[in-house]
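Coordinates from upload01.cif are shown below (mmCIF, C-alpha atoms).
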data_upload
#
loop_
_atom_site.label_atom_id
_atom_site.label_comp_id
_atom_site.auth_asym_id
_atom_site.auth_seq_id
_atom_site.Cartn_x
_atom_site.Cartn_y
_atom_site.Cartn_z
CA MET Y 1 -347.41 -123.51 -44.31
CA THR Y 2 -345.65 -126.89 -44.39
CA THR Y 3 -341.92 -126.99 -44.59
CA ILE Y 4 -339.84 -130.05 -45.47
CA SER Y 5 -336.41 -130.24 -44.00
CA PRO Y 6 -333.56 -130.97 -46.49
CA ARG Y 7 -332.68 -134.09 -44.50
CA ARG Y 8 -336.24 -135.47 -44.82
CA LYS Y 9 -336.27 -134.60 -48.52
CA ARG Y 10 -332.98 -136.45 -49.04
CA ALA Y 11 -334.31 -139.51 -47.19
CA SER Y 12 -337.43 -139.49 -49.38
CA ASN Y 13 -335.26 -139.31 -52.54
CA SER Y 14 -333.10 -142.21 -51.36
CA LEU Y 15 -336.21 -144.29 -50.72
CA ARG Y 16 -337.51 -143.54 -54.20
CA ILE Y 17 -334.18 -144.56 -55.77
CA PHE Y 18 -334.13 -147.73 -53.68
CA ILE Y 19 -337.68 -148.68 -54.79
CA PHE Y 20 -336.77 -147.89 -58.44
CA LEU Y 21 -333.69 -150.15 -58.28
CA LEU Y 22 -335.67 -152.91 -56.54
CA VAL Y 23 -338.43 -152.86 -59.20
CA LEU Y 24 -335.80 -152.72 -61.96
CA ALA Y 25 -333.95 -155.73 -60.51
CA ALA Y 26 -337.25 -157.67 -60.37
CA ILE Y 27 -338.05 -156.78 -64.01
CA LEU Y 28 -334.54 -157.70 -65.20
CA ALA Y 29 -334.71 -161.03 -63.35
CA PHE Y 30 -338.09 -161.75 -64.96
CA VAL Y 31 -336.77 -160.81 -68.42
CA ALA Y 32 -333.61 -162.87 -67.90
CA LEU Y 33 -335.67 -165.95 -67.02
CA LEU Y 34 -338.16 -165.56 -69.87
CA ARG Y 35 -335.98 -163.75 -72.40
CA SER Y 36 -336.55 -166.12 -75.32
CA PRO Y 37 -340.41 -166.22 -75.14
CA ILE Y 38 -340.59 -162.43 -74.61
CA THR Y 39 -338.27 -161.84 -77.61
CA SER Y 40 -340.36 -164.27 -79.64
CA VAL Y 41 -343.56 -162.30 -78.89
CA LEU Y 42 -341.79 -159.01 -79.59
CA TRP Y 43 -340.50 -160.11 -82.99
CA HIS Y 44 -343.90 -161.64 -83.80
CA LEU Y 45 -345.31 -158.12 -83.46
CA ALA Y 46 -342.32 -156.33 -85.02
CA VAL Y 47 -341.93 -158.39 -88.22
CA PRO Y 48 -345.15 -157.04 -89.90
CA LEU Y 49 -344.03 -153.52 -88.96
CA THR Y 50 -340.66 -154.03 -90.64
CA TYR Y 51 -342.42 -155.35 -93.76
CA ALA Y 52 -344.46 -152.13 -93.85
CA ARG Y 53 -341.29 -150.06 -93.34
CA ASN Y 54 -339.47 -151.90 -96.15
CA ALA Y 55 -342.41 -151.42 -98.52
CA ALA Y 56 -342.53 -147.71 -97.67
CA SER Y 57 -338.78 -147.26 -98.22
CA VAL Y 58 -339.03 -148.99 -101.64
CA SER Y 59 -341.86 -146.64 -102.69
CA ILE Y 60 -339.91 -143.59 -101.48
CA SER Y 61 -336.72 -144.64 -103.31
CA ASN Y 62 -338.80 -145.31 -106.46
CA ALA Y 63 -340.32 -141.84 -106.19
CA PHE Y 64 -336.86 -140.25 -105.91
CA ALA Y 65 -335.55 -142.38 -108.80
CA ALA Y 66 -337.92 -140.46 -111.09
CA PHE Y 67 -335.79 -137.34 -110.48
CA SER Y 68 -332.58 -138.98 -111.74
CA SER Y 69 -331.48 -137.85 -115.16
CA SER Y 70 -332.18 -140.21 -118.04
CA GLN Y 71 -328.53 -140.02 -119.12
CA ALA Y 72 -327.29 -141.20 -115.72
CA LEU Y 73 -329.92 -143.95 -115.65
CA SER Y 74 -329.00 -145.26 -119.11
CA LYS Y 75 -325.29 -145.26 -118.13
CA GLU Y 76 -326.11 -147.19 -114.96
CA LEU Y 77 -328.22 -149.64 -116.99
CA ARG Y 78 -325.34 -150.23 -119.42
CA ASP Y 79 -322.94 -150.88 -116.53
CA VAL Y 80 -325.33 -153.25 -114.81
CA LYS Y 81 -325.93 -155.16 -118.06
CA ALA Y 82 -322.18 -155.54 -118.56
CA GLN Y 83 -321.75 -156.77 -115.00
CA LEU Y 84 -324.64 -159.22 -115.42
CA LEU Y 85 -323.11 -160.64 -118.57
CA ALA Y 86 -319.77 -161.19 -116.86
CA ALA Y 87 -321.45 -162.71 -113.79
CA ASN Y 88 -323.55 -165.06 -115.95
CA SER Y 89 -320.53 -166.43 -117.77
CA LYS Y 90 -318.73 -166.93 -114.47
CA LEU Y 91 -321.80 -168.67 -113.06
CA ILE Y 92 -321.93 -171.18 -115.93
CA ASP Y 93 -318.28 -171.95 -115.32
CA ARG Y 94 -318.85 -172.24 -111.58
CA ASP Y 95 -321.87 -174.58 -111.96
CA LEU Y 96 -319.90 -176.85 -114.28
CA LEU Y 97 -316.92 -177.03 -111.90
CA TYR Y 98 -319.17 -177.51 -108.88
CA SER Y 99 -321.07 -180.46 -110.40
CA GLU Y 100 -317.75 -181.95 -111.55
CA ASN Y 101 -316.36 -181.53 -108.03
CA LEU Y 102 -319.35 -183.33 -106.45
CA GLU Y 103 -319.19 -186.10 -109.06
CA LEU Y 104 -315.52 -186.72 -108.35
CA LYS Y 105 -316.18 -186.89 -104.61
CA GLU Y 106 -319.01 -189.36 -105.17
CA ARG Y 107 -316.75 -191.54 -107.32
CA LEU Y 108 -314.25 -191.57 -104.50
CA GLY Y 109 -316.96 -192.80 -102.13
CA ARG Y 110 -317.60 -189.51 -100.33
CA GLU Y 111 -321.23 -188.68 -100.90
CA SER Y 112 -322.04 -185.24 -99.58
CA GLU Y 113 -325.34 -185.02 -97.77
CA ASP Y 114 -328.00 -182.96 -99.50
CA PHE Y 115 -329.83 -180.80 -96.97
CA PRO Y 116 -332.98 -178.89 -97.78
CA SER Y 117 -332.68 -175.14 -97.36
CA VAL Y 118 -335.23 -172.64 -96.06
CA LEU Y 119 -335.65 -169.33 -97.86
CA ALA Y 120 -335.83 -166.37 -95.48
CA THR Y 121 -336.37 -162.64 -95.75
CA VAL Y 122 -333.86 -160.40 -93.99
CA VAL Y 123 -336.08 -158.33 -91.72
CA MET Y 124 -333.28 -156.23 -90.19
CA ARG Y 125 -329.63 -155.88 -91.03
CA PRO Y 126 -326.70 -153.73 -89.83
CA PRO Y 127 -326.73 -150.82 -89.12
CA GLY Y 128 -330.39 -151.38 -88.15
CA VAL Y 129 -329.32 -153.93 -85.55
CA PRO Y 130 -326.11 -153.92 -83.48
CA TYR Y 131 -323.49 -156.64 -82.83
CA ASP Y 132 -323.17 -157.62 -86.54
CA THR Y 133 -326.37 -159.62 -86.60
CA LEU Y 134 -329.32 -160.14 -88.95
CA ILE Y 135 -332.95 -160.80 -88.08
CA LEU Y 136 -334.73 -163.32 -90.33
CA ASP Y 137 -338.47 -163.99 -90.64
CA VAL Y 138 -338.13 -167.78 -90.21
CA GLY Y 139 -338.03 -169.64 -86.92
CA VAL Y 140 -338.75 -172.93 -85.17
CA GLN Y 141 -342.04 -173.28 -87.07
CA ASP Y 142 -340.10 -173.28 -90.37
CA GLY Y 143 -337.61 -175.90 -89.21
CA VAL Y 144 -334.73 -173.58 -88.43
CA GLY Y 145 -332.38 -174.58 -85.61
CA ILE Y 146 -329.48 -173.11 -83.66
CA GLY Y 147 -326.16 -173.52 -85.50
CA ASP Y 148 -327.67 -173.67 -89.01
CA LEU Y 149 -325.58 -171.93 -91.65
CA VAL Y 150 -326.92 -168.88 -93.47
CA SER Y 151 -326.10 -168.41 -97.14
CA PRO Y 152 -326.82 -165.53 -99.51
CA GLY Y 153 -326.90 -168.17 -102.30
CA GLY Y 154 -324.50 -170.57 -103.99
CA SER Y 155 -321.52 -171.73 -101.94
CA ALA Y 156 -321.10 -168.51 -99.97
CA TYR Y 157 -321.94 -168.35 -96.27
CA ILE Y 158 -322.20 -165.31 -94.06
CA GLY Y 159 -323.17 -166.49 -90.58
CA TYR Y 160 -325.03 -168.93 -88.39
CA ILE Y 161 -328.30 -169.00 -86.47
CA ALA Y 162 -327.59 -168.04 -82.86
CA GLN Y 163 -331.12 -167.69 -81.50
CA VAL Y 164 -334.40 -169.08 -82.77
CA TYR Y 165 -337.87 -167.83 -81.90
CA ALA Y 166 -341.27 -169.05 -83.10
CA ARG Y 167 -341.39 -167.00 -86.32
CA ALA Y 168 -338.04 -165.21 -86.32
CA SER Y 169 -334.36 -165.94 -85.80
CA ARG Y 170 -331.16 -164.05 -85.08
CA VAL Y 171 -328.09 -164.61 -87.25
CA VAL Y 172 -324.61 -163.85 -85.96
CA LEU Y 173 -322.41 -162.92 -88.91
CA PHE Y 174 -318.95 -164.46 -89.18
CA SER Y 175 -317.60 -160.92 -88.97
CA SER Y 176 -319.12 -160.42 -85.51
CA PRO Y 177 -316.40 -159.18 -83.12
CA GLU Y 178 -314.54 -161.59 -80.84
CA GLN Y 179 -315.62 -164.77 -82.60
CA SER Y 180 -313.12 -167.08 -84.25
CA TYR Y 181 -313.43 -169.97 -86.66
CA ASN Y 182 -311.13 -172.64 -88.03
CA ALA Y 183 -310.97 -172.20 -91.79
CA LEU Y 184 -308.77 -172.81 -94.84
CA LEU Y 185 -307.11 -170.11 -96.89
CA LEU Y 186 -307.01 -171.04 -100.58
CA SER Y 187 -304.18 -169.12 -102.14
CA ALA Y 188 -303.10 -169.30 -105.77
CA SER Y 189 -299.95 -171.32 -106.27
CA GLY Y 190 -297.31 -170.21 -108.74
CA THR Y 191 -296.19 -173.67 -109.83
CA SER Y 192 -299.33 -175.82 -109.65
CA THR Y 193 -302.91 -175.37 -110.87
CA LEU Y 194 -304.17 -176.52 -107.46
CA PRO Y 195 -304.51 -173.80 -104.83
CA ARG Y 196 -302.44 -173.95 -101.63
CA ARG Y 197 -304.54 -174.73 -98.56
CA THR Y 198 -303.46 -173.15 -95.29
CA ALA Y 199 -305.29 -173.68 -92.00
CA VAL Y 200 -306.09 -170.30 -90.44
CA SER Y 201 -307.98 -169.06 -87.43
CA VAL Y 202 -310.26 -166.31 -88.69
CA GLY Y 203 -311.55 -163.71 -86.25
CA GLY Y 204 -314.43 -161.29 -86.74
CA GLN Y 205 -313.80 -157.56 -86.56
CA GLY Y 206 -317.31 -156.20 -87.03
CA GLY Y 207 -318.83 -154.36 -89.99
CA GLY Y 208 -318.44 -157.32 -92.34
CA SER Y 209 -314.66 -157.58 -91.98
CA LEU Y 210 -312.49 -160.43 -90.68
CA ARG Y 211 -308.84 -160.82 -89.79
CA ALA Y 212 -306.29 -163.65 -89.60
CA GLU Y 213 -302.60 -163.97 -88.94
CA VAL Y 214 -300.40 -166.36 -90.87
CA PRO Y 215 -296.65 -167.04 -90.85
CA ALA Y 216 -294.72 -164.69 -93.14
CA GLY Y 217 -293.79 -167.57 -95.48
CA ILE Y 218 -297.40 -168.34 -96.39
CA HIS Y 219 -298.58 -167.01 -99.75
CA ALA Y 220 -301.66 -164.82 -99.47
CA ASN Y 221 -302.92 -162.44 -102.12
CA VAL Y 222 -305.84 -160.07 -102.54
CA GLY Y 223 -308.77 -162.03 -103.99
CA ASP Y 224 -307.90 -165.35 -102.33
CA ILE Y 225 -310.83 -167.08 -100.69
CA VAL Y 226 -311.32 -168.54 -97.21
CA ILE Y 227 -313.48 -171.65 -96.84
CA PHE Y 228 -314.71 -173.94 -94.09
CA PRO Y 229 -313.09 -177.39 -94.19
CA SER Y 230 -316.02 -179.37 -95.59
CA LEU Y 231 -316.87 -181.71 -98.48
CA ARG Y 232 -318.93 -178.99 -100.11
CA PRO Y 233 -317.13 -175.71 -100.76
CA GLU Y 234 -318.28 -173.21 -98.14
CA ILE Y 235 -316.82 -169.79 -98.88
CA ILE Y 236 -316.91 -167.48 -95.86
CA ALA Y 237 -314.60 -164.62 -96.83
CA LYS Y 238 -312.48 -163.01 -99.54
CA VAL Y 239 -309.04 -161.51 -98.90
CA GLU Y 240 -309.10 -157.72 -99.31
CA HIS Y 241 -305.71 -156.67 -97.98
CA VAL Y 242 -302.48 -158.30 -96.83
CA GLU Y 243 -300.29 -156.43 -94.38
CA GLU Y 244 -296.70 -157.56 -94.34
CA ARG Y 245 -293.65 -156.03 -92.69
CA ASP Y 246 -290.09 -156.99 -93.53
CA ASP Y 247 -289.01 -157.57 -89.93
CA ALA Y 248 -292.20 -159.40 -88.79
CA SER Y 249 -292.53 -163.17 -88.68
CA PHE Y 250 -296.30 -163.00 -89.23
CA LYS Y 251 -298.45 -161.26 -91.79
CA THR Y 252 -301.98 -160.02 -91.21
CA ILE Y 253 -304.73 -160.82 -93.67
CA TYR Y 254 -307.84 -158.65 -93.78
CA MET Y 255 -310.95 -160.18 -95.32
CA ARG Y 256 -314.55 -159.30 -96.10
CA LEU Y 257 -317.71 -161.40 -96.16
CA PRO Y 258 -318.48 -162.70 -99.68
CA VAL Y 259 -321.48 -160.34 -100.08
CA ASN Y 260 -322.41 -156.83 -99.01
CA ILE Y 261 -324.76 -157.39 -96.06
CA GLN Y 262 -326.40 -153.97 -96.50
CA ASN Y 263 -327.96 -155.10 -99.80
CA LEU Y 264 -329.17 -158.50 -98.62
CA LEU Y 265 -332.88 -159.09 -99.06
CA PHE Y 266 -333.15 -162.88 -98.98
CA VAL Y 267 -330.97 -165.65 -97.60
CA GLU Y 268 -331.06 -169.43 -97.39
CA VAL Y 269 -330.81 -171.27 -94.09
CA ARG Y 270 -329.11 -174.64 -94.41
CA PRO Y 271 -328.91 -177.14 -91.56
CA ARG Y 272 -325.32 -177.69 -90.53
CA ILE Y 273 -323.89 -177.18 -87.10
CA VAL Y 274 -320.87 -174.94 -87.48
CA ASP Y 275 -317.87 -175.31 -85.20
CA ILE Y 276 -317.65 -171.90 -83.57
CA GLU Y 277 -315.90 -171.18 -80.29
CA GLU Y 278 -318.54 -168.77 -79.04
CA ILE Y 279 -321.68 -170.70 -79.94
CA SER Y 280 -322.02 -172.63 -76.67
CA ASN Y 281 -321.68 -169.40 -74.71
CA GLU Y 282 -324.58 -167.66 -76.44
CA GLU Y 283 -327.59 -167.21 -74.17
CA MET K 1 -342.32 -130.13 -66.50
CA LYS K 2 -340.04 -127.58 -68.14
CA ASN K 3 -340.15 -126.74 -71.84
CA ASN K 4 -336.59 -127.85 -72.54
CA ASN K 5 -337.42 -131.25 -71.00
CA ARG K 6 -340.40 -131.55 -73.32
CA SER K 7 -338.20 -130.76 -76.31
CA LEU K 8 -335.82 -133.55 -75.24
CA LEU K 9 -338.81 -135.92 -75.14
CA PHE K 10 -339.66 -134.84 -78.70
CA VAL K 11 -336.02 -135.33 -79.77
CA ALA K 12 -336.03 -138.83 -78.24
CA ALA K 13 -339.27 -139.72 -80.06
CA MET K 14 -337.83 -138.46 -83.35
CA PHE K 15 -334.63 -140.47 -82.92
CA LEU K 16 -336.65 -143.58 -82.06
CA LEU K 17 -338.70 -143.18 -85.22
CA GLY K 18 -335.59 -142.37 -87.25
CA GLY K 19 -333.77 -145.43 -85.93
CA PHE K 20 -336.62 -147.63 -87.08
CA LEU K 21 -337.28 -145.94 -90.43
CA PHE K 22 -333.67 -145.44 -91.50
CA GLN K 23 -332.41 -148.68 -89.93
CA PHE K 24 -329.69 -147.10 -87.84
CA TRP K 25 -329.41 -148.47 -84.29
CA PRO K 26 -327.20 -145.64 -82.82
CA PHE K 27 -330.33 -143.44 -83.11
CA PHE K 28 -331.94 -145.65 -80.43
CA LEU K 29 -328.93 -145.02 -78.20
CA ILE K 30 -329.29 -141.26 -78.75
CA ALA K 31 -333.00 -141.57 -77.81
CA ILE K 32 -331.99 -143.23 -74.50
CA VAL K 33 -329.45 -140.47 -73.81
CA ALA K 34 -332.05 -137.75 -74.59
CA LEU K 35 -334.61 -139.35 -72.28
CA GLY K 36 -332.05 -139.79 -69.49
CA LEU K 37 -330.82 -136.20 -69.77
CA GLY K 38 -334.40 -134.94 -69.89
CA GLY K 39 -335.06 -136.50 -66.50
CA TYR K 40 -337.30 -139.26 -67.91
CA TYR K 41 -335.57 -142.00 -65.96
CA ILE K 42 -338.26 -144.67 -66.16
CA PRO K 43 -338.91 -144.30 -69.96
CA ALA K 44 -335.11 -144.32 -70.58
CA THR K 45 -334.64 -147.54 -68.59
CA ALA K 46 -337.77 -149.13 -70.12
CA LEU K 47 -336.49 -148.33 -73.63
CA GLY K 48 -333.13 -149.89 -72.70
CA ILE K 49 -334.86 -153.10 -71.58
CA VAL K 50 -337.00 -153.26 -74.75
CA LEU K 51 -333.92 -152.75 -76.97
CA ASP K 52 -332.01 -155.44 -75.05
CA ILE K 53 -334.87 -157.88 -75.54
CA THR K 54 -335.10 -157.00 -79.24
CA PHE K 55 -331.42 -157.08 -80.12
CA GLY K 56 -330.32 -159.95 -77.86
CA VAL K 57 -327.03 -160.48 -76.13
CA PRO K 58 -323.82 -159.21 -77.78
CA GLY K 59 -320.93 -161.54 -78.51
CA GLY K 60 -317.48 -161.57 -76.97
CA ILE K 61 -316.68 -160.06 -73.59
CA LEU K 62 -319.80 -157.87 -73.70
CA ARG K 63 -322.03 -160.96 -73.43
CA PHE K 64 -321.45 -160.91 -69.65
CA ILE K 65 -323.34 -157.61 -69.39
CA TRP K 66 -326.55 -159.29 -70.72
CA PHE K 67 -328.41 -155.96 -70.75
CA PRO K 68 -326.01 -153.46 -72.37
CA PHE K 69 -328.67 -150.89 -73.39
CA THR K 70 -330.26 -151.00 -69.91
CA ALA K 71 -326.80 -150.61 -68.35
CA GLY K 72 -326.19 -147.62 -70.63
CA ALA K 73 -329.54 -146.08 -69.66
CA LEU K 74 -328.77 -146.54 -65.94
CA LEU K 75 -325.36 -144.93 -66.45
CA ILE K 76 -326.97 -141.87 -68.10
CA VAL K 77 -329.58 -141.69 -65.32
CA ALA K 78 -326.84 -141.87 -62.65
CA LEU K 79 -324.78 -139.20 -64.43
CA HIS K 80 -327.81 -136.92 -64.73
CA MET K 81 -328.70 -137.39 -61.05
CA ALA K 82 -325.11 -136.71 -60.02
CA SER K 83 -324.93 -133.61 -62.21
CA LEU K 84 -328.07 -132.18 -60.55
CA HIS K 85 -326.06 -131.64 -57.33
CA TYR K 86 -323.84 -129.18 -59.19
CA MET K 87 -326.70 -127.20 -60.75
CA LEU K 88 -328.85 -124.45 -59.30
CA PRO K 89 -332.35 -125.57 -58.26
CA ARG K 90 -335.29 -124.27 -60.29
CA THR K 91 -336.20 -121.65 -57.67
CA ALA K 92 -332.63 -120.47 -57.10
CA ARG K 93 -332.88 -117.62 -59.58
CA GLU K 94 -335.65 -116.01 -57.51
CA LYS K 95 -333.49 -116.21 -54.37
CA LEU K 96 -330.52 -114.73 -56.14
#
Can the structure from this file be put into structure tokens for me?
Amino acid sequence: MTTISPRRKRASNSLRIFIFLLVLAAILAFVALLRSPITSVLWHLAVPLTYARNAASVSISNAFAAFSSSQALSKELRDVKAQLLAANSKLIDRDLLYSENLELKERLGRESEDFPSVLATVVMRPPGVPYDTLILDVGVQDGVGIGDLVSPGGSAYIGYIAQVYARASRVVLFSSPEQSYNALLLSASGTSTLPRRTAVSVGGQGGGSLRAEVPAGIHANVGDIVIFPSLRPEIIAKVEHVEERDDASFKTIYMRLPVNIQNLLFVEVRPRIVDIEEISNEE
Amino acid sequence: MKNNNRSLLFVAAMFLLGGFLFQFWPFFLIAIVALGLGGYYIPATALGIVLDITFGVPGGILRFIWFPFTAGALLIVALHMASLHYMLPRTAREKL
């Protein structure tokens, strides 16, 4: 019968742990050096899988929709129709004002550059991916570059391209924690038809929400919008709540991204390098 | 391999599948914890590396970690290994 002394057994265990850590360090060093190409290959394989998953989830939700009562469905349809009507009228108004805005800028000698945009499918979105990011199915091969702005449509923007792979890219949302941006708060003015513009430093809080602090004297109301200082209007957030205390010299503004990221299916990627403090530190 | 370890492997596989199908990343984290607690140290660490490659580097202060999921997996593995010292060995019941 062979017996192993506890001391010998302990030495053997320590050796195994040492070898495990050594191999792990070698793998991590390899991954750190070739992180981008490895991620590119991984997403190349994962994107078709996510398409299949999305198609399956649509079929499942359609199957369950058949169990909804016809009364509830007709009520929902009525509500959606009413919302669509209101949105359409607002859109006509918005298009008219937008074209007028660009025309005025052109007349004043400030021609805004017209960049082509790339349509992308949102492959993964929070809470499928952490760190308030999105994964898109467009990459270097589609002309997407680091720093490009990502829009759900119109003048709204939700984030920027932080990493680009061959056929995929990673978007960091403006609401990503510990990132801050220089923006303008457009608040309604009581005396003039023009909105008041206040420079603010907007910080991400995660989960689609943002936060900024302004002096107590600054007017800020729920529904005000926050834009990037640019020739074209670039809306990045909408004020949801204003926290103000009588004895405080600052008030805190809580904002949300212009769209619900959980419902996003398609986005547009527009070339424009955005001035973000964190961008140079990314990978 | 004990039966309860095998059930933890099954739980981990289910959470992995659930995380992908229901698009909920904390399920992946639970899968790592289940693998680590089940004594599957290498699969837990490998899953951490794959998730780190897939999800990229976080922003803010956490970006200095570079491999947060792998670090989490190693932490679970270390905790499990440390906890083994305070538990009875598999043959202890016979001796008692």
For the file shown, report as a PyMOL selection string the outcome of the PyMOL selection byres ((chain Y) within 8 of (chain K)) at residue level.
chain Y and resi 28+31+35+38-39+42-43+53+124-131+176-179+278+282-283
What would the selection look like, as a PyMOL selection string, if the PyMOL selection byres ((chain Y and resi 146) around 10) were run on the coordinates I just shared?
chain Y and resi 139-140+144-145+147-149+160-164+169-171+271-274+279
To one decimal place in Å, what is the distance between atom CA of K:Ala73 and atom CA of Y:Asn13?
19.3 Å
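Separating atom CA of K:Leu84 from atom CA of K:Tyr40 is a distance of 13.8 Å.
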Who sits within 12 Å of Y:Leu119, all atoms listed in the file, same chain under 6 positions skipped, as number ranges by chain
Y: 136-139, 142-144, 150-153, 265-270
d(atom CA of Y:Ala212, atom CA of Y:Ile135) in Å
26.9 Å
For a quick check of your reading of the model, name the residues lying within 8 Å of the coordinate (-311.5, -166.1, -100.6), counting all atoms listed in the file, and write them as a PDB file with C-alpha atoms, keeping the file's coordinate frame.
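The resulting file, result.pdb, is reproduced below:
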ATOM      1  CA  LEU Y 185    -307.110-170.110 -96.890  1.00  0.00           C
ATOM      2  CA  LEU Y 186    -307.010-171.040-100.580  1.00  0.00           C
ATOM      3  CA  GLY Y 223    -308.770-162.030-103.990  1.00  0.00           C
ATOM      4  CA  ASP Y 224    -307.900-165.350-102.330  1.00  0.00           C
ATOM      5  CA  ILE Y 225    -310.830-167.080-100.690  1.00  0.00           C
ATOM      6  CA  VAL Y 226    -311.320-168.540 -97.210  1.00  0.00           C
ATOM      7  CA  ILE Y 227    -313.480-171.650 -96.840  1.00  0.00           C
ATOM      8  CA  ILE Y 235    -316.820-169.790 -98.880  1.00  0.00           C
ATOM      9  CA  ILE Y 236    -316.910-167.480 -95.860  1.00  0.00           C
ATOM     10  CA  ALA Y 237    -314.600-164.620 -96.830  1.00  0.00           C
ATOM     11  CA  LYS Y 238    -312.480-163.010 -99.540  1.00  0.00           C
ATOM     12  CA  VAL Y 239    -309.040-161.510 -98.900  1.00  0.00           C
ATOM     13  CA  MET Y 255    -310.950-160.180 -95.320  1.00  0.00           C
ATOM     14  CA  PRO Y 258    -318.480-162.700 -99.680  1.00  0.00           C
TER      15      PRO Y 258
END
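Residue membership of the PyMOL selection byres ((chain Y and resi 175) around 10) in the shown file amounts to Tyr131, Asp132, Thr133, Ile158, Gly159, Val172, Leu173, Phe174, Ser176, Pro177, Glu178, Gln179, Ser180, Val202, Gly203, Gly204, Gln205, Gly206, Gly207, Gly208, Ser209, Leu210, Arg211, Ile236, Ala237, Met255, Arg256 and Leu257 of chain Y.
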Keeping only C-alpha atoms, take the residues you just selected and write them out as a PDB file, in the coordinates of the input.
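Resulting contents of out_8.pdb:
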ATOM      1  CA  TYR Y 131    -323.490-156.640 -82.830  1.00  0.00           C
ATOM      2  CA  ASP Y 132    -323.170-157.620 -86.540  1.00  0.00           C
ATOM      3  CA  THR Y 133    -326.370-159.620 -86.600  1.00  0.00           C
ATOM      4  CA  ILE Y 158    -322.200-165.310 -94.060  1.00  0.00           C
ATOM      5  CA  GLY Y 159    -323.170-166.490 -90.580  1.00  0.00           C
ATOM      6  CA  VAL Y 172    -324.610-163.850 -85.960  1.00  0.00           C
ATOM      7  CA  LEU Y 173    -322.410-162.920 -88.910  1.00  0.00           C
ATOM      8  CA  PHE Y 174    -318.950-164.460 -89.180  1.00  0.00           C
ATOM      9  CA  SER Y 176    -319.120-160.420 -85.510  1.00  0.00           C
ATOM     10  CA  PRO Y 177    -316.400-159.180 -83.120  1.00  0.00           C
ATOM     11  CA  GLU Y 178    -314.540-161.590 -80.840  1.00  0.00           C
ATOM     12  CA  GLN Y 179    -315.620-164.770 -82.600  1.00  0.00           C
ATOM     13  CA  SER Y 180    -313.120-167.080 -84.250  1.00  0.00           C
ATOM     14  CA  VAL Y 202    -310.260-166.310 -88.690  1.00  0.00           C
ATOM     15  CA  GLY Y 203    -311.550-163.710 -86.250  1.00  0.00           C
ATOM     16  CA  GLY Y 204    -314.430-161.290 -86.740  1.00  0.00           C
ATOM     17  CA  GLN Y 205    -313.800-157.560 -86.560  1.00  0.00           C
ATOM     18  CA  GLY Y 206    -317.310-156.200 -87.030  1.00  0.00           C
ATOM     19  CA  GLY Y 207    -318.830-154.360 -89.990  1.00  0.00           C
ATOM     20  CA  GLY Y 208    -318.440-157.320 -92.340  1.00  0.00           C
ATOM     21  CA  SER Y 209    -314.660-157.580 -91.980  1.00  0.00           C
ATOM     22  CA  LEU Y 210    -312.490-160.430 -90.680  1.00  0.00           C
ATOM     23  CA  ARG Y 211    -308.840-160.820 -89.790  1.00  0.00           C
ATOM     24  CA  ILE Y 236    -316.910-167.480 -95.860  1.00  0.00           C
ATOM     25  CA  ALA Y 237    -314.600-164.620 -96.830  1.00  0.00           C
ATOM     26  CA  MET Y 255    -310.950-160.180 -95.320  1.00  0.00           C
ATOM     27  CA  ARG Y 256    -314.550-159.300 -96.100  1.00  0.00           C
ATOM     28  CA  LEU Y 257    -317.710-161.400 -96.160  1.00  0.00           C
TER      29      LEU Y 257
END
